[in-house]
Each structure stands twice: as C-alpha cells, then as structure tokens.
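Below is the file protein.cif, which contains mmCIF, C-alpha atoms.
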```cif
data_run
loop_
_atom_site.label_atom_id
_atom_site.label_comp_id
_atom_site.auth_asym_id
_atom_site.auth_seq_id
_atom_site.Cartn_x
_atom_site.Cartn_y
_atom_site.Cartn_z
CA MET A 1 266.59 140.58 20.60
CA LYS A 2 268.96 142.20 18.19
CA THR A 3 266.04 143.10 15.97
CA THR A 4 264.23 144.75 18.89
CA ILE A 5 267.23 146.92 19.73
CA GLY A 6 267.61 147.72 16.07
CA SER A 7 263.98 148.74 15.78
CA ALA A 8 264.19 150.81 18.96
CA LEU A 9 267.25 152.59 17.58
CA VAL A 10 265.57 153.26 14.28
CA GLY A 11 262.57 154.59 16.22
CA LEU A 12 264.74 156.95 18.28
CA VAL A 13 266.53 158.26 15.22
CA TRP A 14 263.18 158.78 13.53
CA LEU A 15 261.83 160.69 16.54
CA ALA A 16 264.89 162.92 16.75
CA SER A 17 264.73 163.77 13.09
CA LEU A 18 261.22 165.20 13.38
CA PRO A 19 261.06 168.99 13.55
CA ALA A 20 260.10 170.41 16.93
CA GLN A 21 256.90 171.87 15.50
CA ALA A 22 255.53 168.47 14.64
CA GLN A 23 254.22 167.94 18.14
CA GLN A 24 253.25 171.51 18.63
CA GLN A 25 249.60 172.41 18.37
CA VAL A 26 247.52 175.51 18.87
CA GLU A 27 244.26 174.94 20.70
CA ILE A 28 241.66 177.58 19.97
CA SER A 29 238.68 177.87 22.28
CA LEU A 30 236.13 180.40 21.11
CA GLU A 31 232.70 181.29 22.35
CA LEU A 32 229.59 182.48 20.59
CA PRO A 33 227.74 184.36 23.31
CA VAL A 34 224.04 184.22 23.95
CA ILE A 35 222.66 187.50 22.66
CA GLU A 36 219.27 188.76 23.75
CA THR A 37 217.66 190.44 20.79
CA ALA A 38 214.38 190.56 18.93
CA GLN A 39 215.71 188.72 15.90
CA TYR A 40 218.65 186.46 16.56
CA TYR A 41 220.37 184.80 13.63
CA ARG A 42 223.41 182.62 14.09
CA PRO A 43 226.59 184.53 13.29
CA TYR A 44 228.83 183.84 10.34
CA VAL A 45 232.24 182.96 11.77
CA ALA A 46 235.70 182.57 10.28
CA VAL A 47 238.83 181.36 12.07
CA TRP A 48 242.17 181.58 10.33
CA ILE A 49 245.90 182.12 10.72
CA GLU A 50 247.93 184.97 9.24
CA ASP A 51 251.68 185.29 9.07
CA GLU A 52 253.75 188.29 10.12
CA ALA A 53 253.09 190.03 6.79
CA GLN A 54 249.33 189.65 7.51
CA GLN A 55 248.99 187.14 4.72
CA PRO A 56 246.62 184.22 5.33
CA VAL A 57 248.34 180.86 5.73
CA ARG A 58 245.54 178.60 6.93
CA LEU A 59 241.78 178.74 7.07
CA ILE A 60 240.71 176.74 10.12
CA ALA A 61 236.94 177.08 10.08
CA LEU A 62 234.15 178.88 8.26
CA TRP A 63 230.61 178.69 9.56
CA ARG A 64 228.18 180.30 7.13
CA LYS A 65 225.13 179.93 4.91
CA GLU A 66 224.32 182.07 1.87
CA PRO A 67 227.11 183.62 -0.18
CA ASP A 68 225.36 187.02 -0.07
CA TRP A 69 226.49 187.70 3.49
CA LEU A 70 229.94 186.19 3.27
CA LYS A 71 231.36 189.63 2.48
CA ASP A 72 230.16 190.81 5.90
CA ILE A 73 232.89 188.77 7.57
CA ARG A 74 234.90 191.75 6.41
CA ARG A 75 238.50 190.90 7.02
CA PHE A 76 238.08 187.24 6.21
CA TRP A 77 236.43 188.20 2.92
CA ARG A 78 239.24 190.55 1.93
CA LYS A 79 242.07 188.26 3.02
CA ILE A 80 240.75 184.89 1.86
CA GLY A 81 237.10 184.58 0.83
CA ARG A 82 236.96 186.74 -2.26
CA SER A 83 239.86 185.08 -4.01
CA ASP A 84 239.79 181.43 -2.96
CA THR A 85 236.41 179.88 -3.71
CA GLU A 86 237.70 176.31 -3.52
CA LEU A 87 239.15 176.81 -0.07
CA VAL A 88 235.96 178.50 1.08
CA ASP A 89 233.90 175.57 -0.18
CA ALA A 90 236.26 173.05 1.36
CA ARG A 91 236.17 174.62 4.82
CA THR A 92 232.52 175.66 4.91
CA GLY A 93 230.53 174.30 7.80
CA ALA A 94 227.08 175.02 9.19
CA THR A 95 226.46 178.02 11.42
CA ARG A 96 226.52 177.26 15.16
CA THR A 97 224.32 178.00 18.14
CA PRO A 98 225.73 179.97 21.09
CA GLY A 99 228.29 177.98 23.06
CA ARG A 100 231.99 177.26 23.40
CA TYR A 101 233.82 175.56 20.53
CA GLN A 102 237.24 173.93 20.38
CA LEU A 103 239.38 174.18 17.26
CA SER A 104 243.04 173.58 16.65
CA TRP A 105 245.87 174.41 14.30
CA ASP A 106 248.59 171.87 13.55
CA GLY A 107 251.07 174.31 12.01
CA LEU A 108 250.26 173.32 8.45
CA ASP A 109 249.33 175.80 5.76
CA ASP A 110 246.36 175.45 3.41
CA SER A 111 248.35 173.20 1.08
CA GLY A 112 249.36 170.88 3.91
CA GLN A 113 252.96 172.10 4.26
CA PRO A 114 254.43 172.88 7.70
CA VAL A 115 254.94 176.61 8.21
CA PRO A 116 258.37 177.91 9.34
CA ALA A 117 258.78 178.87 12.98
CA GLY A 118 257.92 182.49 13.66
CA GLN A 119 255.20 184.91 14.57
CA TYR A 120 251.65 184.14 13.52
CA THR A 121 248.26 185.55 14.40
CA VAL A 122 245.11 183.61 15.16
CA LEU A 123 242.06 185.54 13.93
CA VAL A 124 238.47 184.92 14.89
CA GLU A 125 235.84 187.06 13.16
CA ALA A 126 232.09 186.89 13.72
CA SER A 127 229.41 188.83 11.90
CA ARG A 128 225.73 188.61 12.70
CA GLU A 129 222.76 189.54 10.55
CA GLN A 130 221.07 192.59 12.12
CA GLY A 131 223.90 192.61 14.62
CA GLY A 132 227.53 193.58 14.86
CA ARG A 133 230.91 192.31 13.85
CA SER A 134 233.75 191.38 16.18
CA LEU A 135 237.33 190.50 15.36
CA GLN A 136 239.69 188.91 17.87
CA ARG A 137 243.38 188.53 17.16
CA GLN A 138 246.06 186.74 19.14
CA THR A 139 249.69 186.74 18.13
CA ILE A 140 251.59 183.54 18.88
CA GLN A 141 255.17 182.39 18.48
CA TRP A 142 255.02 179.16 16.49
CA GLY A 143 258.03 177.03 17.38
CA GLY A 144 258.35 178.86 20.69
CA ASN A 145 257.59 177.80 24.24
CA ALA A 146 254.23 176.56 25.39
CA GLN A 147 252.00 179.41 26.36
CA GLN A 148 248.42 180.34 27.13
CA TYR A 149 246.64 183.47 26.02
CA THR A 150 243.23 185.00 26.51
CA GLN A 151 241.48 187.76 24.61
CA ASP A 152 238.67 189.71 26.20
CA ALA A 153 235.10 189.04 25.19
CA MET A 154 233.63 191.30 22.53
CA PRO A 155 229.98 191.90 21.66
CA GLU A 156 229.80 189.05 19.14
CA LEU A 157 232.49 186.77 20.63
CA GLY A 158 233.08 185.49 24.18
CA GLU A 159 236.52 185.22 25.76
CA LEU A 160 239.02 183.69 23.36
CA LYS A 161 241.43 181.18 24.87
CA ILE A 162 244.49 180.12 22.91
CA THR A 163 246.88 177.44 24.10
CA LEU A 164 250.18 176.83 22.39
CA ASN A 165 251.51 173.51 23.62
CA MET B 166 218.10 220.30 -23.21
CA LYS B 167 218.44 218.15 -20.13
CA LYS B 168 221.53 216.60 -21.53
CA LEU B 169 222.97 220.03 -22.18
CA MET B 170 222.21 221.13 -18.64
CA PHE B 171 223.79 218.01 -17.30
CA SER B 172 226.89 218.49 -19.36
CA ALA B 173 227.18 222.09 -18.32
CA LEU B 174 226.80 221.04 -14.71
CA LEU B 175 229.39 218.35 -15.13
CA ALA B 176 231.74 220.69 -16.90
CA LEU B 177 231.28 223.56 -14.50
CA CYS B 178 230.48 222.08 -11.18
CA SER B 179 233.65 220.14 -11.01
CA ALA B 180 235.60 223.38 -11.24
CA SER B 181 236.21 225.60 -8.30
CA VAL B 182 233.74 228.18 -9.62
CA CYS B 183 230.86 225.95 -8.58
CA ALA B 184 230.53 224.61 -5.09
CA HIS B 185 228.67 221.44 -5.99
CA THR B 186 230.50 218.18 -6.21
CA LEU B 187 229.22 215.51 -8.55
CA TRP B 188 229.45 212.00 -7.21
CA VAL B 189 228.26 208.51 -7.92
CA LEU B 190 227.53 206.32 -4.92
CA PRO B 191 227.06 202.57 -5.40
CA SER B 192 224.91 200.66 -2.93
CA HIS B 193 227.80 198.20 -2.45
CA PHE B 194 231.53 198.30 -3.08
CA VAL B 195 232.07 194.64 -2.26
CA LEU B 196 229.80 191.73 -3.12
CA SER B 197 230.08 187.99 -2.52
CA ALA B 198 227.14 186.66 -4.52
CA GLU B 199 227.13 186.20 -8.27
CA ASP B 200 224.42 187.96 -10.29
CA SER B 201 223.92 190.56 -7.56
CA TRP B 202 222.22 193.80 -8.51
CA ILE B 203 223.82 197.13 -7.82
CA SER B 204 222.04 200.47 -7.39
CA VAL B 205 223.98 203.65 -7.95
CA ASP B 206 222.94 207.09 -6.70
CA VAL B 207 224.11 210.15 -8.62
CA SER B 208 223.86 213.63 -7.24
CA ALA B 209 225.57 217.00 -7.26
CA ALA B 210 225.85 218.31 -3.73
CA ASN B 211 227.86 220.38 -1.29
CA MET B 212 227.85 217.86 1.49
CA THR B 213 229.29 214.45 0.89
CA PHE B 214 226.53 211.93 0.21
CA VAL B 215 223.77 214.35 1.21
CA ALA B 216 221.94 214.41 -2.11
CA ASP B 217 221.07 217.84 -3.43
CA ARG B 218 220.48 217.84 -7.19
CA GLY B 219 219.60 214.87 -9.33
CA VAL B 220 221.76 214.61 -12.39
CA ASN B 221 220.72 213.14 -15.70
CA PRO B 222 221.86 209.52 -15.57
CA ASP B 223 222.06 209.12 -19.37
CA ASN B 224 225.82 209.48 -19.37
CA LEU B 225 226.26 206.88 -16.68
CA ALA B 226 227.96 203.69 -17.79
CA ILE B 227 229.31 200.56 -16.16
CA VAL B 228 232.48 198.89 -17.36
CA PHE B 229 232.50 195.15 -16.71
CA PRO B 230 235.49 193.13 -15.44
CA ASP B 231 236.18 192.09 -19.04
CA GLY B 232 236.42 195.72 -20.16
CA GLU B 233 233.04 195.85 -21.92
CA ARG B 234 231.09 199.05 -21.38
CA HIS B 235 227.35 198.75 -20.71
CA ASP B 236 224.49 201.16 -20.22
CA PHE B 237 222.60 200.70 -16.97
CA ALA B 238 219.58 198.42 -17.21
CA GLN B 239 217.27 201.04 -15.73
CA SER B 240 217.58 204.52 -14.35
CA TYR B 241 215.51 207.26 -12.81
CA HIS B 242 216.19 210.97 -12.90
CA GLY B 243 215.16 212.27 -9.50
CA LYS B 244 215.01 215.80 -8.14
CA ARG B 245 217.58 215.32 -5.43
CA LYS B 246 219.36 212.28 -6.77
CA SER B 247 219.20 209.98 -9.71
CA GLN B 248 219.47 206.25 -9.51
CA ALA B 249 220.52 203.51 -11.87
CA ASP B 250 220.47 199.72 -11.48
CA HIS B 251 222.41 196.97 -13.11
CA GLN B 252 223.02 193.27 -12.60
CA LEU B 253 226.62 192.19 -12.11
CA THR B 254 226.85 188.93 -13.96
CA MET B 255 230.55 188.17 -13.71
CA ASN B 256 233.25 188.07 -11.07
CA GLY B 257 235.80 190.85 -10.85
CA THR B 258 235.95 194.61 -10.60
CA TYR B 259 233.44 196.95 -12.25
CA ARG B 260 233.85 200.66 -12.95
CA VAL B 261 230.87 202.96 -12.64
CA GLU B 262 231.52 206.11 -14.61
CA LEU B 263 229.65 209.31 -15.24
CA ALA B 264 231.53 211.20 -17.92
CA GLY B 265 230.68 213.38 -20.83
CA PRO B 266 232.95 214.49 -23.66
CA ALA B 267 235.25 217.45 -23.07
CA ARG B 268 233.51 220.78 -23.74
CA TYR B 269 234.90 224.11 -24.82
CA PHE B 270 233.88 227.41 -23.26
CA THR B 271 235.09 230.81 -24.34
CA PHE B 272 234.99 233.53 -21.71
CA PHE B 273 235.35 237.22 -22.54
CA GLN B 274 234.62 240.72 -21.36
CA GLU B 275 232.09 242.88 -23.17
CA ASP B 276 230.70 246.22 -21.94
CA GLY B 277 232.33 245.57 -18.58
CA GLN B 278 230.60 242.21 -18.17
CA ARG B 279 231.98 238.73 -18.18
CA ARG B 280 230.30 236.55 -20.77
CA ARG B 281 230.57 233.00 -22.00
CA ILE B 282 229.90 231.16 -25.21
CA MET B 283 230.13 227.46 -25.98
CA ALA B 284 232.89 227.65 -28.54
CA ASN B 285 236.44 226.47 -29.03
CA LYS B 286 239.24 228.63 -30.41
CA LYS B 287 238.29 227.90 -33.99
CA GLU B 288 234.57 228.37 -33.49
CA ARG B 289 234.94 231.50 -31.40
CA LEU B 290 236.23 233.61 -34.30
CA ALA B 291 232.80 233.72 -35.87
CA GLN B 292 230.93 234.13 -32.60
CA LEU B 293 232.83 236.70 -30.55
CA PRO B 294 231.60 240.30 -30.65
CA ASP B 295 234.09 242.79 -32.11
CA ASP B 296 234.67 244.55 -28.81
CA ALA B 297 235.33 241.40 -26.82
CA THR B 298 238.41 241.57 -24.61
CA ASP B 299 240.17 239.15 -22.22
CA VAL B 300 239.19 236.20 -24.38
CA VAL B 301 240.10 232.82 -22.94
CA THR B 302 238.92 229.44 -24.18
CA THR B 303 238.82 226.62 -21.68
CA ARG B 304 238.43 222.93 -22.37
CA SER B 305 236.53 221.42 -19.51
CA ARG B 306 236.06 217.80 -18.62
CA GLY B 307 234.78 216.00 -15.57
CA ARG B 308 234.49 212.41 -14.49
CA ALA B 309 232.85 210.75 -11.54
CA LEU B 310 233.93 207.20 -10.81
CA SER B 311 233.49 204.35 -8.43
CA PHE B 312 234.55 200.69 -8.36
CA ILE B 313 232.69 197.60 -7.24
CA SER B 314 234.21 194.14 -6.81
CA VAL B 315 232.31 190.86 -6.97
CA ASN B 316 234.35 188.03 -5.48
CA ALA B 317 238.00 188.27 -6.59
CA PRO B 318 238.91 191.79 -7.78
CA ASN B 319 240.74 192.26 -11.10
CA GLN B 320 242.47 195.06 -12.96
CA THR B 321 240.78 195.33 -16.38
CA ALA B 322 238.21 198.00 -15.48
CA LEU B 323 240.95 200.08 -13.83
CA ALA B 324 242.65 200.63 -17.18
CA LEU B 325 243.20 204.24 -18.23
CA SER B 326 242.06 205.89 -21.46
CA ASN B 327 245.09 208.23 -21.46
CA GLU B 328 242.76 211.14 -22.13
CA GLY B 329 242.50 213.95 -19.63
CA LEU B 330 242.99 213.65 -15.90
CA GLU B 331 242.91 210.10 -14.59
CA LEU B 332 243.93 208.20 -11.51
CA LYS B 333 246.14 205.15 -11.66
CA LEU B 334 244.84 203.02 -8.81
CA LEU B 335 248.05 201.39 -7.61
CA THR B 336 246.26 200.44 -4.41
CA HIS B 337 243.25 198.56 -5.74
CA PRO B 338 239.99 200.18 -4.57
CA ALA B 339 238.99 196.82 -3.04
CA ASP B 340 242.15 196.94 -0.91
CA VAL B 341 241.63 200.35 0.68
CA VAL B 342 241.51 199.72 4.41
CA ALA B 343 241.29 202.22 7.26
CA THR B 344 244.70 202.86 8.90
CA GLU B 345 246.55 201.39 5.91
CA PRO B 346 248.37 203.64 3.39
CA VAL B 347 246.92 204.22 -0.06
CA ARG B 348 249.08 205.15 -3.04
CA TRP B 349 247.59 206.36 -6.29
CA GLN B 350 249.02 208.33 -9.20
CA PHE B 351 247.50 211.14 -11.22
CA VAL B 352 248.12 211.20 -14.93
CA LEU B 353 247.16 213.78 -17.53
CA ASP B 354 246.83 212.30 -21.02
CA GLY B 355 248.72 209.31 -19.68
CA GLU B 356 251.66 211.26 -18.20
CA PRO B 357 252.21 211.71 -14.45
CA VAL B 358 251.00 215.13 -13.34
CA ALA B 359 252.15 217.08 -10.29
CA ASP B 360 250.19 219.47 -8.10
CA VAL B 361 246.73 218.08 -8.71
CA ARG B 362 244.63 219.54 -5.94
CA VAL B 363 242.63 217.00 -4.00
CA GLU B 364 239.94 217.33 -1.39
CA LEU B 365 239.16 214.19 0.53
CA SER B 366 235.88 214.00 2.41
CA ARG B 367 233.89 211.27 4.06
CA GLU B 368 230.28 210.54 4.88
CA GLY B 369 228.56 211.87 7.97
CA GLU B 370 229.48 215.55 7.64
CA LEU B 371 225.94 216.53 8.56
CA TYR B 372 226.34 214.97 11.98
CA ARG B 373 229.66 216.36 13.12
CA ASP B 374 230.98 219.88 13.69
CA ASP B 375 234.27 219.33 11.95
CA ALA B 376 233.74 218.19 8.37
CA GLY B 377 237.24 216.74 8.58
CA ARG B 378 238.09 217.34 4.95
CA GLU B 379 241.68 216.83 3.98
CA LEU B 380 243.42 218.95 1.36
CA LEU B 381 246.10 217.04 -0.50
CA SER B 382 248.01 217.33 -3.74
CA SER B 383 249.95 215.02 -6.00
CA ASP B 384 253.74 215.08 -5.67
CA GLY B 385 256.32 215.76 -8.37
CA ASN B 386 255.71 212.36 -9.93
CA GLY B 387 251.95 212.52 -9.72
CA TYR B 388 251.70 210.29 -6.65
CA LEU B 389 249.01 210.84 -4.08
CA SER B 390 249.59 209.16 -0.74
CA PHE B 391 247.26 209.19 2.21
CA THR B 392 245.98 206.94 4.97
CA PRO B 393 242.25 206.94 5.63
CA GLN B 394 241.97 206.86 9.40
CA VAL B 395 238.31 205.98 9.70
CA PRO B 396 236.43 203.16 7.95
CA GLY B 397 233.62 204.42 5.76
CA ARG B 398 232.75 205.92 2.41
CA TYR B 399 234.88 208.67 0.98
CA VAL B 400 234.89 211.06 -1.95
CA LEU B 401 238.12 212.18 -3.49
CA GLU B 402 237.65 215.30 -5.57
CA ALA B 403 240.55 216.27 -7.79
CA SER B 404 240.96 219.25 -10.04
CA LEU B 405 243.62 220.61 -12.32
CA GLN B 406 243.86 223.79 -14.36
CA GLN B 407 246.71 224.61 -16.61
CA ASP B 408 247.68 226.09 -19.96
CA SER B 409 246.61 223.92 -22.82
CA GLN B 410 248.50 221.92 -25.43
CA ASP B 411 245.19 221.55 -27.27
CA PRO B 412 245.13 223.89 -30.33
CA LEU B 413 241.44 224.49 -29.67
CA ALA B 414 241.86 225.81 -26.11
CA ASP B 415 244.02 228.25 -24.14
CA ARG B 416 243.44 226.52 -20.84
CA ILE B 417 242.26 223.15 -19.64
CA ARG B 418 240.20 222.43 -16.58
CA GLU B 419 240.01 218.80 -15.56
CA SER B 420 238.17 217.31 -12.66
CA LEU B 421 237.62 213.86 -11.29
CA THR B 422 235.72 212.50 -8.34
CA LEU B 423 236.23 209.01 -7.03
CA THR B 424 233.91 207.45 -4.49
CA PHE B 425 235.46 204.61 -2.51
CA GLU B 426 235.20 202.87 0.80
CA ALA B 427 237.85 202.35 3.43
CA ALA B 428 237.12 198.91 4.86
CA LEU B 429 237.22 197.86 8.49
CA PRO B 430 240.75 196.67 9.33
#
```
Mind turning this structure into structure tokens?
Amino acid sequence: MKTTIGSALVGLVWLASLPAQAQQQVEISLELPVIETAQYYRPYVAVWIEDEAQQPVRLIALWRKEPDWLKDIRRFWRKIGRSDTELVDARTGATRTPGRYQLSWDGLDDSGQPVPAGQYTVLVEASREQGGRSLQRQTIQWGGNAQQYTQDAMPELGELKITLN
Amino acid sequence: MKKLMFSALLALCSASVCAHTLWVLPSHFVLSAEDSWISVDVSAANMTFVADRGVNPDNLAIVFPDGERHDFAQSYHGKRKSQADHQLTMNGTYRVELAGPARYFTFFQEDGQRRRIMANKKERLAQLPDDATDVVTTRSRGRALSFISVNAPNQTALALSNEGLELKLLTHPADVVATEPVRWQFVLDGEPVADVRVELSREGELYRDDAGRELLSSDGNGYLSFTPQVPGRYVLEASLQQDSQDPLADRIRESLTLTFEAALP
C-alpha cells in the first residue's frame, strides 16, 4: 500500500514537472484538390514550420520525386532544401494523389529538441508540373491556448485546417 | 575584327552615349539537380530581355564555386542574341561574366569635328594631329554578370578583383526575394564609391505601358539599397564616370550590369 502511494506521488511529481508544451500538438489537415487538366502530375509538396524570424525549425513532410523539380517548391527550396540535403532525404516521401491528408507537429525542432513557446508559422507549399504553385501560411501561438484555424483554398491546395490542442 | 567590334560595343554601349544595354541572361538562377546544364543568352538591347544584337560570346566565362574560371563548353554567335552552354558539375554559386580588358579612347576636336582614336595618354602623343583640341583620354570598362546557384549557395564566386567598378553582394543573389530589402555595395578598385548611377529594370517591358524603371544611386559609403516589389528577372545597370587616377587616362568610365531574379516570397 505504501509503495502504491509512493509510486502515485512520484507519478504526480513527474507529470507536474513536464513542460506544458509536451502535451500540445498541432494537427495539420491539408488537401490536394482534384484538378481537371490535360496533363495532371501529382504536385510536389512541402510542409514545414518557421519561427518568428522566418527561419525553418522543422520539416514535417516532403512529397517529391526527381531532384530537378525540387527547386520549384520555391520557398521550401530557399529556406530548407538547398542547404540541408540530409534532412531532405530523411523526410522525403512519395508524391500523393488528390485527397485530404493529416499531419502533425509535436513542437520539436529538426534535431528533436522542444522549441520555446512563441509564435510559429505552419507553411504548406505545393508546386505542380505544368501547373501552378500555392503557398499557405498559418501563424500559431505555440504554448498558447487551444485554437482552430482555417486558410482558404488556393488553386493547388484545398482548405487548410490547423488545430492547436 | 569581330572581337574588336565586340569590345568597342562593350566599352561604349555601357556608357550613356549608347542606348544599348549589354546583358547576360542565364536559363536558370536556381538549380536543384547536380550536373545540370545552363544556357546563357547574351545580347545588347534597349528593352530588358528583348534581344536585339548578338554579341560575340568569346569573352564569356563562368567562374565555378571553387573560384576556377572556365570557358563555356559551346557557344553560338547569333544575330539577335548569342548563346553559350555549360554543365554545372559542382554545388554552390557560379558567376557568369562577360568582360573584356579596359580600353583607352582619346577624343578630340579637329576641323570642328569630334574624333576618336584608340589610344591612351602615352600612345596619343604620336597619333594626335597637330591641330587637335579638347583632347580627353577615357579608360572604359564594362562587365555583365549573373549568378547561378546549384543546391547550397556559397561565396567564392562572389569575390571581387578590386579592379574597376564592382558590386559587393552583401545580400547573396540567391537570397533576393520580392518584397524583401536588398543591400549591396559599390566599390571602385576595392574602395566604396558614392554616387554610382543605377537603373533597375525588369522583364516584361514590352507588355506594359509603364516600363517601371527605377533610378537609384549608391550612398556616401557606396551602399545601394532597394526592395524589388515584384518577383521576376531584373537587370541592374550601373555606370560611373570620374576623373582618373590612372596615368594613362584623364577620365574613367566604368559600367556594370547584373542580371538577377527576385524570387517568389
């Protein structure tokens, strides 16, 4: 009995010592719209987080094929792609068909360290061969209250839904 | 002969006396695949990127990210524009440069007419007619530049020669983004130079009423600051004329054009 109480106490202390952000999570729901066109190729898509100084802190997803067209995800390429080949390789996934996709951010940076509370921006950029490029951005307050956001659909991206819980 | 014509064009056209602007225009400013080829157009024209006169590409060179200078692998001298191709075999920033040596011109009046000979102050003594008046020797030099980055940009090819008018690219050309400020610095023989006159133009002039050219100049410390408002390809044309420190010239006339892109934000 004593041991149980002891363990429970230890557990409580452990819980209390965790930073508030530990349970916080950003749910990112993005959509690749169906596009009627003569030649449809799946878009190249990058999803990442930037801090207040517009510096990248975490690459969440990268859906792409050949390196030749990676530069066409313009902002992603300038902010991350051109200078961090290892990260690009590590996060690379296959291109996706039209549909809605769920991603999340756990508040860790690319080296696995928790980021300090503050203002961050979720960026979703899509670039399609023989098509256009769209960039959605949503500023969030990491460490702040739970909140939901939506960003209007753009030609290459459907409505973006962000949930900070 | 062609080379001479080219040099004369380069030397003269960059100055205000000639309306044509000499530019180099790479097919890409940013690349993400190793061993990509680049094609560069060269033309002298009034309208930005509307080719008018092909220029001899023999003086075109490409400086690799390690600082090595290479001739282009192949080139073609066209009527309206010339083109040169090269394979970019390493990561980093490349400089495309069309530049000839400085040339000396001596202008004078004879029988009420303005004349010109290709001679510096030493050479002119033997060549000038006895009745020449208003004799002025000008050293003229022009450069046309552009930068291309494959994967991560670097600084080596941005290094200055400290000869003539050059631009210190404090904002790396690969980091020029529409709506974000750019800060560069003009130097003459390596020293900051004030009051360099700059005309900034961008592509598409043929299809809009207002060419939208911006007239700028370097400040007291040589700095040039501007914010490109629209993404796209730009030409910066800079010129400077002043009295010369060169014992072989009375005046210098320096010009430089830089082709760059302002990326999408």
List every residue of chain B that has an atom at most 6 Å from any atom of chain A, and for each one report the closest atom pair and its distance in Å to one decimal, counting only C-alpha atoms, with rows sorted by chain and then by increasing residue number, as JSON lines.
```
{"residue": "B:Ser197", "atom": "CA", "partner": "A:Asp68", "partner_atom": "CA", "distance": 5.4}
{"residue": "B:Ala198", "atom": "CA", "partner": "A:Asp68", "partner_atom": "CA", "distance": 4.8}
{"residue": "B:Asn316", "atom": "CA", "partner": "A:Arg82", "partner_atom": "CA", "distance": 4.3}
{"residue": "B:Ala317", "atom": "CA", "partner": "A:Ser83", "partner_atom": "CA", "distance": 4.5}
```
If you keep C-alpha atoms, can you produce a file of those selected residues as a PDB file, in the coordinates of the input?
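Written file, again_36.pdb:
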```pdb
ATOM      1  CA  SER B 197     230.080 187.990  -2.520  1.00  0.00           C
ATOM      2  CA  ALA B 198     227.140 186.660  -4.520  1.00  0.00           C
ATOM      3  CA  ASN B 316     234.350 188.030  -5.480  1.00  0.00           C
ATOM      4  CA  ALA B 317     238.000 188.270  -6.590  1.00  0.00           C
TER       5      ALA B 317
END
```
Mind listing whatever residues come within 7 Å of the point (221.7, 199.6, -13.9)? Use all atoms listed in the file, file coordinates, and give them as a VMD selection string. chain B and resid 203 to 204 237 to 240 249 to 252
Once the PyMOL selection byres ((chain B and resi 291-304) around 10) is applied to the coordinates I shared, what remains selected? I want it as JSON, numbers by chain. {"B": [176, 267, 268, 269, 270, 271, 272, 273, 274, 275, 276, 277, 278, 279, 280, 281, 282, 283, 284, 285, 286, 287, 288, 289, 290, 305, 306, 406, 407, 408, 409, 411, 413, 414, 415, 416, 417, 418, 419]}
Which residues, named as in the file, does the PyMOL selection byres ((chain A and resi 124) around 7) pick out? Answer as a list in words.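 With the shown file as input, the PyMOL selection byres ((chain A and resi 124) around 7) matches Ala46, Val47, Trp48, Val122, Leu123, Glu125, Ala126, Leu135, Gln136 and Arg137 of chain A.
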I need the output of the PyMOL selection byres ((chain B and resi 322) around 6) for this file as a PyMOL selection string; which residues are they? chain B and resi 230+232+259-260+320-321+323-324
Any idea what's packed within 7 Å of B:Val363, counting only C-alpha atoms, ignoring anything in its chain fewer than 5 positions away? Could you give it as an MDAnalysis selection string? chainID B and resid 380:382 401:404
Hey, can you spit out that residue selection with C-alpha atoms as a PDB file, keeping the file's coordinate frame?
```pdb
ATOM      1  CA  LEU B 380     243.420 218.950   1.360  1.00  0.00           C
ATOM      2  CA  LEU B 381     246.100 217.040  -0.500  1.00  0.00           C
ATOM      3  CA  SER B 382     248.010 217.330  -3.740  1.00  0.00           C
ATOM      4  CA  LEU B 401     238.120 212.180  -3.490  1.00  0.00           C
ATOM      5  CA  GLU B 402     237.650 215.300  -5.570  1.00  0.00           C
ATOM      6  CA  ALA B 403     240.550 216.270  -7.790  1.00  0.00           C
ATOM      7  CA  SER B 404     240.960 219.250 -10.040  1.00  0.00           C
TER       8      SER B 404
END
```
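Counting from atom CA of B:His193, the distance to atom CA of A:Arg64 is 20.3 Å.
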B:Val358: which residues within 8 Å, counting only C-alpha atoms, same-chain residues fewer than 3 positions away excluded, as a list in words? Phe351, Val352, Leu353, Val361, Ser383, Gly385, Asn386 and Gly387 of chain B
Could you give me, as a VMD selection string, the residues that sit within 10 Å of (243.8, 210.5, -24.0) in the file's coordinates, counting all atoms listed in the file? chain B and resid 325 to 331 353 to 356
